file start31.pdb (PDB, C-alpha atoms)
ATOM      1  CA  MET V 182      71.328  74.310  -2.387  1.00  0.00           C
ATOM      2  CA  ASP V 183      69.798  76.919  -0.110  1.00  0.00           C
ATOM      3  CA  VAL V 184      72.738  79.316  -0.627  1.00  0.00           C
ATOM      4  CA  PHE V 185      72.460  78.908  -4.396  1.00  0.00           C
ATOM      5  CA  ASN V 186      68.715  79.713  -4.285  1.00  0.00           C
ATOM      6  CA  GLN V 187      69.392  82.777  -2.142  1.00  0.00           C
ATOM      7  CA  PHE V 188      72.071  83.960  -4.567  1.00  0.00           C
ATOM      8  CA  THR V 189      69.751  83.389  -7.545  1.00  0.00           C
ATOM      9  CA  ALA V 190      66.981  85.339  -5.823  1.00  0.00           C
ATOM     10  CA  PHE V 191      69.402  88.180  -5.059  1.00  0.00           C
ATOM     11  CA  VAL V 192      70.624  88.339  -8.664  1.00  0.00           C
ATOM     12  CA  ALA V 193      67.017  88.422  -9.895  1.00  0.00           C
ATOM     13  CA  THR V 194      66.454  91.635  -7.900  1.00  0.00           C
ATOM     14  CA  ILE V 195      69.352  93.407  -9.675  1.00  0.00           C
ATOM     15  CA  PRO V 196      68.366  95.240 -12.865  1.00  0.00           C
ATOM     16  CA  PRO V 197      69.625  93.510 -16.063  1.00  0.00           C
ATOM     17  CA  VAL V 198      71.734  96.537 -17.025  1.00  0.00           C
ATOM     18  CA  VAL V 199      73.659  96.293 -13.750  1.00  0.00           C
ATOM     19  CA  GLN V 200      74.087  92.539 -14.266  1.00  0.00           C
ATOM     20  CA  VAL V 201      75.629  93.133 -17.697  1.00  0.00           C
ATOM     21  CA  LEU V 202      77.908  95.856 -16.324  1.00  0.00           C
ATOM     22  CA  PHE V 203      79.028  93.512 -13.547  1.00  0.00           C
ATOM     23  CA  ILE V 204      79.869  90.785 -16.073  1.00  0.00           C
ATOM     24  CA  VAL V 205      81.804  93.282 -18.222  1.00  0.00           C
ATOM     25  CA  LEU V 206      83.687  94.523 -15.155  1.00  0.00           C
ATOM     26  CA  CYS V 207      84.601  90.958 -14.155  1.00  0.00           C
ATOM     27  CA  ALA V 208      85.811  90.189 -17.689  1.00  0.00           C
ATOM     28  CA  PHE V 209      87.877  93.400 -17.705  1.00  0.00           C
ATOM     29  CA  ILE V 210      89.520  92.546 -14.360  1.00  0.00           C
ATOM     30  CA  ILE V 211      90.315  88.997 -15.465  1.00  0.00           C
ATOM     31  CA  ARG V 212      91.797  90.309 -18.730  1.00  0.00           C
ATOM     32  CA  LYS V 213      93.964  92.827 -16.856  1.00  0.00           C
ATOM     33  CA  LEU V 214      95.236  90.105 -14.558  1.00  0.00           C
ATOM     34  CA  LEU V 215      96.092  87.720 -17.392  1.00  0.00           C
ATOM     35  CA  LYS V 216      97.283  90.170 -20.081  1.00  0.00           C
ATOM     36  CA  PRO V 217     100.671  91.106 -18.565  1.00  0.00           C
ATOM     37  CA  ARG V 218     101.651  87.444 -18.425  1.00  0.00           C
ATOM     38  CA  VAL V 219     100.730  86.912 -22.074  1.00  0.00           C
ATOM     39  CA  ALA V 220     102.525  90.108 -23.159  1.00  0.00           C
ATOM     40  CA  GLU V 221     105.678  89.139 -21.236  1.00  0.00           C
ATOM     41  CA  LYS V 222     105.660  85.697 -22.856  1.00  0.00           C
ATOM     42  CA  ASP V 223     105.248  87.239 -26.333  1.00  0.00           C
ATOM     43  CA  ASP V 224     108.064  89.721 -25.641  1.00  0.00           C
ATOM     44  CA  LEU V 225     110.427  86.944 -24.557  1.00  0.00           C
ATOM     45  CA  GLU V 226     109.607  84.900 -27.640  1.00  0.00           C
ATOM     46  CA  GLY V 227     109.996  88.019 -29.786  1.00  0.00           C
ATOM     47  CA  GLU V 228     113.398  88.771 -28.295  1.00  0.00           C
ATOM     48  CA  ARG V 229     114.605  85.283 -29.172  1.00  0.00           C
ATOM     49  CA  ARG V 230     113.198  85.360 -32.714  1.00  0.00           C
ATOM     50  CA  PHE V 231     114.102  88.939 -33.605  1.00  0.00           C
ATOM     51  CA  SER V 232     117.388  89.464 -31.833  1.00  0.00           C
ATOM     52  CA  LEU V 233     119.232  92.275 -33.596  1.00  0.00           C
ATOM     53  CA  PRO V 234     122.244  94.204 -32.344  1.00  0.00           C
ATOM     54  CA  PRO V 235     121.357  97.325 -30.341  1.00  0.00           C
ATOM     55  CA  MET V 236     120.624 100.349 -32.468  1.00  0.00           C
ATOM     56  CA  LYS V 237     122.699 103.480 -31.981  1.00  0.00           C
ATOM     57  CA  LYS V 238     120.610 106.391 -30.813  1.00  0.00           C
ATOM     58  CA  ARG V 239     119.730 108.888 -33.553  1.00  0.00           C
ATOM     59  CA  ASP V 240     116.969 111.208 -34.701  1.00  0.00           C
ATOM     60  CA  PHE V 241     114.560 110.445 -37.542  1.00  0.00           C
ATOM     61  CA  THR V 242     112.449 112.443 -39.931  1.00  0.00           C
ATOM     62  CA  ALA V 243     108.984 111.023 -40.620  1.00  0.00           C
ATOM     63  CA  LYS V 244     110.278 109.925 -44.028  1.00  0.00           C
ATOM     64  CA  GLU V 245     113.318 108.143 -42.551  1.00  0.00           C
ATOM     65  CA  LEU V 246     111.124 106.359 -40.034  1.00  0.00           C
ATOM     66  CA  LEU V 247     109.096 104.814 -42.898  1.00  0.00           C
ATOM     67  CA  GLU V 248     112.077 102.572 -43.706  1.00  0.00           C
ATOM     68  CA  PHE V 249     111.663 100.689 -40.411  1.00  0.00           C
ATOM     69  CA  ASP V 250     108.313  99.010 -41.026  1.00  0.00           C
ATOM     70  CA  GLY V 251     109.435  95.390 -40.699  1.00  0.00           C
ATOM     71  CA  ILE V 252     109.295  94.934 -44.489  1.00  0.00           C
ATOM     72  CA  LYS V 253     111.977  97.263 -45.857  1.00  0.00           C
ATOM     73  CA  SER V 254     114.055  96.560 -42.759  1.00  0.00           C
ATOM     74  CA  GLU V 255     114.110  93.701 -40.238  1.00  0.00           C
ATOM     75  CA  ARG V 256     113.811  96.284 -37.503  1.00  0.00           C
ATOM     76  CA  VAL V 257     110.429  97.760 -36.561  1.00  0.00           C
ATOM     77  CA  LEU V 258     110.366 101.301 -35.186  1.00  0.00           C
ATOM     78  CA  LEU V 259     107.517 103.604 -34.264  1.00  0.00           C
ATOM     79  CA  ALA V 260     107.220 106.996 -32.617  1.00  0.00           C
ATOM     80  CA  VAL V 261     105.129 108.031 -29.618  1.00  0.00           C
ATOM     81  CA  CYS V 262     105.106 111.654 -28.380  1.00  0.00           C
ATOM     82  CA  GLY V 263     108.184 112.493 -30.433  1.00  0.00           C
ATOM     83  CA  LYS V 264     110.196 109.530 -29.098  1.00  0.00           C
ATOM     84  CA  VAL V 265     111.220 106.707 -31.434  1.00  0.00           C
ATOM     85  CA  PHE V 266     111.083 103.170 -30.050  1.00  0.00           C
ATOM     86  CA  ASP V 267     112.508  99.913 -31.371  1.00  0.00           C
ATOM     87  CA  VAL V 268     109.537  97.547 -31.123  1.00  0.00           C
ATOM     88  CA  THR V 269     111.166  94.717 -33.060  1.00  0.00           C
ATOM     89  CA  LYS V 270     110.752  92.328 -30.133  1.00  0.00           C
ATOM     90  CA  GLY V 271     106.996  92.932 -30.466  1.00  0.00           C
ATOM     91  CA  LYS V 272     107.078  92.237 -34.208  1.00  0.00           C
ATOM     92  CA  SER V 273     104.113  89.882 -33.935  1.00  0.00           C
ATOM     93  CA  PHE V 274     102.058  92.934 -32.904  1.00  0.00           C
ATOM     94  CA  TYR V 275     103.704  95.769 -34.858  1.00  0.00           C
ATOM     95  CA  GLY V 276     105.259  93.944 -37.809  1.00  0.00           C
ATOM     96  CA  PRO V 277     103.672  92.850 -41.084  1.00  0.00           C
ATOM     97  CA  GLY V 278     100.360  91.091 -40.481  1.00  0.00           C
ATOM     98  CA  GLY V 279     100.216  92.156 -36.832  1.00  0.00           C
ATOM     99  CA  PRO V 280      97.163  93.888 -35.368  1.00  0.00           C
ATOM    100  CA  TYR V 281      99.115  97.160 -34.970  1.00  0.00           C
ATOM    101  CA  SER V 282     101.138  96.936 -38.194  1.00  0.00           C
ATOM    102  CA  ALA V 283      99.750 100.322 -39.319  1.00  0.00           C
ATOM    103  CA  PHE V 284     101.972 101.914 -36.639  1.00  0.00           C
ATOM    104  CA  ALA V 285     105.219 100.350 -37.932  1.00  0.00           C
ATOM    105  CA  GLY V 286     107.506 103.005 -39.385  1.00  0.00           C
ATOM    106  CA  HIS V 287     105.124 105.796 -38.350  1.00  0.00           C
ATOM    107  CA  ASP V 288     104.244 108.163 -35.553  1.00  0.00           C
ATOM    108  CA  ALA V 289     101.678 106.064 -33.671  1.00  0.00           C
ATOM    109  CA  SER V 290     100.687 108.894 -31.312  1.00  0.00           C
ATOM    110  CA  ARG V 291      97.351 109.802 -32.922  1.00  0.00           C
ATOM    111  CA  GLY V 292      96.288 106.179 -33.264  1.00  0.00           C
ATOM    112  CA  LEU V 293      97.135 105.419 -29.638  1.00  0.00           C
ATOM    113  CA  ALA V 294      95.452 108.588 -28.372  1.00  0.00           C
ATOM    114  CA  THR V 295      92.257 107.855 -30.302  1.00  0.00           C
ATOM    115  CA  PHE V 296      92.360 104.071 -29.773  1.00  0.00           C
ATOM    116  CA  SER V 297      92.534 103.415 -33.500  1.00  0.00           C
ATOM    117  CA  ALA V 298      94.941 100.995 -35.164  1.00  0.00           C
ATOM    118  CA  GLU V 299      93.591 101.853 -38.598  1.00  0.00           C
ATOM    119  CA  VAL V 300      95.887 103.106 -41.360  1.00  0.00           C
ATOM    120  CA  SER V 301      93.895 106.361 -41.383  1.00  0.00           C
ATOM    121  CA  ALA V 302      95.039 107.025 -37.798  1.00  0.00           C
ATOM    122  CA  VAL V 303      98.682 107.416 -38.837  1.00  0.00           C
ATOM    123  CA  LYS V 304     100.233 110.030 -41.044  1.00  0.00           C
ATOM    124  CA  GLU V 305     103.366 109.816 -43.150  1.00  0.00           C
ATOM    125  CA  GLU V 306     104.356 113.377 -42.321  1.00  0.00           C
ATOM    126  CA  TYR V 307     104.939 115.012 -38.942  1.00  0.00           C
ATOM    127  CA  ASP V 308     101.734 115.238 -36.891  1.00  0.00           C
ATOM    128  CA  ASP V 309     101.683 118.019 -34.262  1.00  0.00           C
ATOM    129  CA  LEU V 310      98.663 116.498 -32.448  1.00  0.00           C
ATOM    130  CA  SER V 311      97.388 119.989 -31.564  1.00  0.00           C
ATOM    131  CA  ASP V 312      93.778 118.973 -32.189  1.00  0.00           C
ATOM    132  CA  LEU V 313      93.726 116.211 -29.542  1.00  0.00           C
ATOM    133  CA  ASN V 314      91.589 116.821 -26.460  1.00  0.00           C
ATOM    134  CA  SER V 315      92.856 116.560 -22.873  1.00  0.00           C
ATOM    135  CA  MET V 316      91.549 113.021 -22.393  1.00  0.00           C
ATOM    136  CA  GLN V 317      93.306 111.846 -25.553  1.00  0.00           C
ATOM    137  CA  LEU V 318      96.535 113.567 -24.484  1.00  0.00           C
ATOM    138  CA  GLU V 319      96.384 111.904 -21.062  1.00  0.00           C
ATOM    139  CA  SER V 320      95.851 108.525 -22.710  1.00  0.00           C
ATOM    140  CA  LEU V 321      98.791 109.218 -24.982  1.00  0.00           C
ATOM    141  CA  ARG V 322     101.058 109.993 -21.985  1.00  0.00           C
ATOM    142  CA  GLU V 323     100.092 106.654 -20.458  1.00  0.00           C
ATOM    143  CA  TRP V 324     100.985 104.891 -23.709  1.00  0.00           C
ATOM    144  CA  GLU V 325     104.304 106.736 -23.782  1.00  0.00           C
ATOM    145  CA  MET V 326     105.126 105.462 -20.276  1.00  0.00           C
ATOM    146  CA  GLN V 327     104.298 101.905 -21.300  1.00  0.00           C
ATOM    147  CA  PHE V 328     106.573 102.131 -24.331  1.00  0.00           C
ATOM    148  CA  MET V 329     109.358 103.618 -22.188  1.00  0.00           C
ATOM    149  CA  GLU V 330     109.113 100.644 -19.830  1.00  0.00           C
ATOM    150  CA  ARG V 331     108.862  97.950 -22.484  1.00  0.00           C
ATOM    151  CA  TYR V 332     110.886  99.038 -25.521  1.00  0.00           C
ATOM    152  CA  GLU V 333     114.251 100.583 -26.337  1.00  0.00           C
ATOM    153  CA  HIS V 334     114.123 104.357 -26.890  1.00  0.00           C
ATOM    154  CA  VAL V 335     116.358 104.822 -29.950  1.00  0.00           C
ATOM    155  CA  GLY V 336     115.929 108.516 -30.772  1.00  0.00           C
ATOM    156  CA  SER V 337     113.532 111.321 -31.503  1.00  0.00           C
ATOM    157  CA  LEU V 338     111.114 112.156 -34.294  1.00  0.00           C
ATOM    158  CA  LEU V 339     112.158 115.454 -35.855  1.00  0.00           C
ATOM    159  CA  LYS V 340     109.736 118.254 -36.577  1.00  0.00           C
ATOM    160  CA  PRO V 341     109.938 119.716 -40.104  1.00  0.00           C
ATOM    161  CA  GLY V 342     113.098 121.826 -40.390  1.00  0.00           C
ATOM    162  CA  GLU V 343     114.511 120.563 -37.090  1.00  0.00           C
ATOM    163  CA  LYS V 344     118.130 119.400 -37.147  1.00  0.00           C
ATOM    164  CA  PRO V 345     119.139 116.031 -35.684  1.00  0.00           C
ATOM    165  CA  LYS V 346     121.108 115.957 -32.442  1.00  0.00           C
ATOM    166  CA  GLN V 347     124.476 114.267 -32.218  1.00  0.00           C
ATOM    167  CA  TYR V 348     124.232 111.625 -29.517  1.00  0.00           C
ATOM    168  CA  GLU V 349     127.268 110.673 -27.508  1.00  0.00           C
ATOM    169  CA  GLU V 350     127.965 107.026 -26.820  1.00  0.00           C
ATOM    170  CA  SER V 351     127.634 107.857 -23.117  1.00  0.00           C
ATOM    171  CA  GLU V 352     123.966 108.933 -23.602  1.00  0.00           C
ATOM    172  CA  THR V 353     123.103 105.527 -25.004  1.00  0.00           C
ATOM    173  CA  GLU V 354     125.054 103.782 -22.237  1.00  0.00           C
ATOM    174  CA  GLU V 355     123.329 105.883 -19.544  1.00  0.00           C
ATOM    175  CA  GLU V 356     119.909 104.782 -20.797  1.00  0.00           C
ATOM    176  CA  ASP V 357     121.090 101.169 -20.849  1.00  0.00           C
ATOM    177  CA  ASP V 358     122.273 101.506 -17.251  1.00  0.00           C
ATOM    178  CA  LYS V 359     118.883 102.957 -16.166  1.00  0.00           C
ATOM    179  CA  LYS V 360     117.107  99.845 -17.495  1.00  0.00           C
ATOM    180  CA  LYS V 361     119.321  97.482 -15.475  1.00  0.00           C
TER     181      LYS V 361
END
call {"tool": "encode", "arguments": {"input": "start31.pdb", "output": "structure tokens"}}
result
Amino acid sequence: MDVFNQFTAFVATIPPVVQVLFIVLCAFIIRKLLKPRVAEKDDLEGERRFSLPPMKKRDFTAKELLEFDGIKSERVLLAVCGKVFDVTKGKSFYGPGGPYSAFAGHDASRGLATFSAEVSAVKEEYDDLSDLNSMQLESLREWEMQFMERYEHVGSLLKPGEKPKQYEESETEEEDDKKK
């Protein structure tokens, strides 16, 4: 019991603000340690439930992307930094009723950069993101890397007036080989 009393006395000398910050830090670390396991489990379940044939790589206008919201189409796509990702295996997150369903069929870049999953954080037209600050842009790059690691990159989001590229079968196969 002596060790417990010493620990209690030590904690009593720490200001309450520091105690709260320590508890928040511990909760954050525990969440980080457990979250990847939960996300991997959800992805595996999503792959089994929403297994669709691979999508051929192509470019999308903002209007064309709207069709892939998980309602009009079984497939769920979203764009990050001009790249379009097939997030169908994460349909429980991005599909109808999911916490990030506002991103489905849209450019999710602004919402991810500003940490907002609200409908107001996504636009139905091309968003150039020129008003984001450096911290938001850095956060957005980190999100882009996570999407590149987790989801299939199926094309690009076209700027207004931009023409779609013609993708060769070999480009799609090269990306598949990189993931293996």
call {"tool": "atom_distance", "arguments": {"input": "start31.pdb", "atom1": "atom CA of Pro234 of chain V", "atom2": "atom CA of Ser254 of chain V"}}
result
13.5 Å
call {"tool": "atom_distance", "arguments": {"input": "start31.pdb", "atom1": "atom CA of Val257 of chain V", "atom2": "atom CA of Gly276 of chain V"}}
result
6.5 Å
call {"tool": "closest_residue", "arguments": {"input": "start31.pdb", "among": "V:Lys253, V:Lys304, V:Lys270, V:Lys238", "to": "Phe284 of chain V", "atoms": "all atoms listed in the file"}}
result
V:Lys304
call {"tool": "atom_distance", "arguments": {"input": "start31.pdb", "atom1": "atom CA of Lys237 of chain V", "atom2": "atom CA of Ala294 of chain V"}}
result
28.0 Å
call {"tool": "closest_residue", "arguments": {"input": "start31.pdb", "among": "V:Thr242, V:Gln347, V:Glu333, V:Pro196", "to": "Gly271 of chain V", "atoms": "only C-alpha atoms"}}
result
V:Glu333
call {"tool": "build_atoms", "arguments": {"input": "start31.pdb", "residues": "segment 240-251 of chain V", "atoms": "all heavy atoms", "output": "PDB file, keeping the file's coordinate frame"}}
result
ATOM      1  N   ASP V 240     118.257 110.570 -34.442  1.00  0.00           N
ATOM      2  CA  ASP V 240     116.969 111.208 -34.701  1.00  0.00           C
ATOM      3  C   ASP V 240     116.498 110.851 -36.105  1.00  0.00           C
ATOM      4  O   ASP V 240     117.297 110.568 -36.992  1.00  0.00           O
ATOM      5  CB  ASP V 240     117.094 112.726 -34.560  1.00  0.00           C
ATOM      6  CG  ASP V 240     117.372 113.130 -33.122  1.00  0.00           C
ATOM      7  OD1 ASP V 240     117.076 112.336 -32.206  1.00  0.00           O
ATOM      8  OD2 ASP V 240     117.887 114.237 -32.903  1.00  0.00           O
ATOM      9  N   PHE V 241     115.178 110.860 -36.287  1.00  0.00           N
ATOM     10  CA  PHE V 241     114.560 110.445 -37.542  1.00  0.00           C
ATOM     11  C   PHE V 241     113.579 111.494 -38.028  1.00  0.00           C
ATOM     12  O   PHE V 241     112.837 112.065 -37.232  1.00  0.00           O
ATOM     13  CB  PHE V 241     113.760 109.142 -37.342  1.00  0.00           C
ATOM     14  CG  PHE V 241     114.558 107.981 -36.873  1.00  0.00           C
ATOM     15  CD1 PHE V 241     114.844 107.816 -35.527  1.00  0.00           C
ATOM     16  CD2 PHE V 241     115.013 107.027 -37.763  1.00  0.00           C
ATOM     17  CE1 PHE V 241     115.568 106.732 -35.075  1.00  0.00           C
ATOM     18  CE2 PHE V 241     115.741 105.941 -37.331  1.00  0.00           C
ATOM     19  CZ  PHE V 241     116.023 105.791 -35.978  1.00  0.00           C
ATOM     20  N   THR V 242     113.550 111.694 -39.335  1.00  0.00           N
ATOM     21  CA  THR V 242     112.449 112.443 -39.931  1.00  0.00           C
ATOM     22  C   THR V 242     111.313 111.437 -40.130  1.00  0.00           C
ATOM     23  O   THR V 242     111.531 110.217 -40.070  1.00  0.00           O
ATOM     24  CB  THR V 242     112.840 113.040 -41.302  1.00  0.00           C
ATOM     25  OG1 THR V 242     113.127 111.950 -42.197  1.00  0.00           O
ATOM     26  CG2 THR V 242     114.048 113.966 -41.186  1.00  0.00           C
ATOM     27  N   ALA V 243     110.114 111.925 -40.376  1.00  0.00           N
ATOM     28  CA  ALA V 243     108.984 111.023 -40.620  1.00  0.00           C
ATOM     29  C   ALA V 243     109.275 110.133 -41.828  1.00  0.00           C
ATOM     30  O   ALA V 243     108.945 108.941 -41.824  1.00  0.00           O
ATOM     31  CB  ALA V 243     107.702 111.820 -40.831  1.00  0.00           C
ATOM     32  N   LYS V 244     109.951 110.696 -42.825  1.00  0.00           N
ATOM     33  CA  LYS V 244     110.278 109.925 -44.028  1.00  0.00           C
ATOM     34  C   LYS V 244     111.306 108.830 -43.723  1.00  0.00           C
ATOM     35  O   LYS V 244     111.186 107.707 -44.215  1.00  0.00           O
ATOM     36  CB  LYS V 244     110.805 110.860 -45.120  1.00  0.00           C
ATOM     37  CG  LYS V 244     111.029 110.180 -46.448  1.00  0.00           C
ATOM     38  CD  LYS V 244     111.450 111.161 -47.515  1.00  0.00           C
ATOM     39  CE  LYS V 244     111.638 110.436 -48.830  1.00  0.00           C
ATOM     40  NZ  LYS V 244     111.982 111.348 -49.914  1.00  0.00           N
ATOM     41  N   GLU V 245     112.307 109.146 -42.914  1.00  0.00           N
ATOM     42  CA  GLU V 245     113.318 108.143 -42.551  1.00  0.00           C
ATOM     43  C   GLU V 245     112.707 107.015 -41.715  1.00  0.00           C
ATOM     44  O   GLU V 245     113.093 105.853 -41.846  1.00  0.00           O
ATOM     45  CB  GLU V 245     114.460 108.789 -41.767  1.00  0.00           C
ATOM     46  CG  GLU V 245     115.331 109.699 -42.597  1.00  0.00           C
ATOM     47  CD  GLU V 245     116.301 110.522 -41.763  1.00  0.00           C
ATOM     48  OE1 GLU V 245     116.018 110.790 -40.571  1.00  0.00           O
ATOM     49  OE2 GLU V 245     117.347 110.915 -42.321  1.00  0.00           O
ATOM     50  N   LEU V 246     111.767 107.349 -40.889  1.00  0.00           N
ATOM     51  CA  LEU V 246     111.124 106.359 -40.034  1.00  0.00           C
ATOM     52  C   LEU V 246     110.366 105.312 -40.864  1.00  0.00           C
ATOM     53  O   LEU V 246     110.277 104.147 -40.470  1.00  0.00           O
ATOM     54  CB  LEU V 246     110.178 107.061 -39.060  1.00  0.00           C
ATOM     55  CG  LEU V 246     109.603 106.246 -37.916  1.00  0.00           C
ATOM     56  CD1 LEU V 246     110.708 105.670 -37.023  1.00  0.00           C
ATOM     57  CD2 LEU V 246     108.662 107.108 -37.084  1.00  0.00           C
ATOM     58  N   LEU V 247     109.849 105.726 -42.029  1.00  0.00           N
ATOM     59  CA  LEU V 247     109.096 104.814 -42.898  1.00  0.00           C
ATOM     60  C   LEU V 247     109.904 103.577 -43.296  1.00  0.00           C
ATOM     61  O   LEU V 247     109.327 102.530 -43.596  1.00  0.00           O
ATOM     62  CB  LEU V 247     108.638 105.543 -44.168  1.00  0.00           C
ATOM     63  CG  LEU V 247     107.547 106.583 -44.001  1.00  0.00           C
ATOM     64  CD1 LEU V 247     107.350 107.364 -45.298  1.00  0.00           C
ATOM     65  CD2 LEU V 247     106.249 105.938 -43.561  1.00  0.00           C
ATOM     66  N   GLU V 248     111.224 103.691 -43.309  1.00  0.00           N
ATOM     67  CA  GLU V 248     112.077 102.572 -43.706  1.00  0.00           C
ATOM     68  C   GLU V 248     112.037 101.419 -42.703  1.00  0.00           C
ATOM     69  O   GLU V 248     112.405 100.299 -43.029  1.00  0.00           O
ATOM     70  CB  GLU V 248     113.524 103.042 -43.880  1.00  0.00           C
ATOM     71  CG  GLU V 248     113.716 104.040 -45.006  1.00  0.00           C
ATOM     72  CD  GLU V 248     113.341 103.460 -46.361  1.00  0.00           C
ATOM     73  OE1 GLU V 248     113.764 102.323 -46.665  1.00  0.00           O
ATOM     74  OE2 GLU V 248     112.621 104.145 -47.117  1.00  0.00           O
ATOM     75  N   PHE V 249     111.619 101.689 -41.474  1.00  0.00           N
ATOM     76  CA  PHE V 249     111.663 100.689 -40.411  1.00  0.00           C
ATOM     77  C   PHE V 249     110.273 100.133 -40.112  1.00  0.00           C
ATOM     78  O   PHE V 249     109.766 100.217 -38.999  1.00  0.00           O
ATOM     79  CB  PHE V 249     112.294 101.311 -39.150  1.00  0.00           C
ATOM     80  CG  PHE V 249     113.709 101.729 -39.372  1.00  0.00           C
ATOM     81  CD1 PHE V 249     114.002 103.037 -39.744  1.00  0.00           C
ATOM     82  CD2 PHE V 249     114.748 100.831 -39.236  1.00  0.00           C
ATOM     83  CE1 PHE V 249     115.309 103.436 -39.971  1.00  0.00           C
ATOM     84  CE2 PHE V 249     116.059 101.214 -39.455  1.00  0.00           C
ATOM     85  CZ  PHE V 249     116.346 102.519 -39.825  1.00  0.00           C
ATOM     86  N   ASP V 250     109.680  99.527 -41.134  1.00  0.00           N
ATOM     87  CA  ASP V 250     108.313  99.010 -41.026  1.00  0.00           C
ATOM     88  C   ASP V 250     108.242  97.491 -40.891  1.00  0.00           C
ATOM     89  O   ASP V 250     107.169  96.910 -40.897  1.00  0.00           O
ATOM     90  CB  ASP V 250     107.479  99.468 -42.212  1.00  0.00           C
ATOM     91  CG  ASP V 250     108.013  98.959 -43.548  1.00  0.00           C
ATOM     92  OD1 ASP V 250     109.061  98.268 -43.569  1.00  0.00           O
ATOM     93  OD2 ASP V 250     107.378  99.248 -44.582  1.00  0.00           O
ATOM     94  N   GLY V 251     109.411  96.841 -40.794  1.00  0.00           N
ATOM     95  CA  GLY V 251     109.435  95.390 -40.699  1.00  0.00           C
ATOM     96  C   GLY V 251     109.424  94.711 -42.059  1.00  0.00           C
ATOM     97  O   GLY V 251     109.560  93.489 -42.135  1.00  0.00           O
TER      98      GLY V 251
END
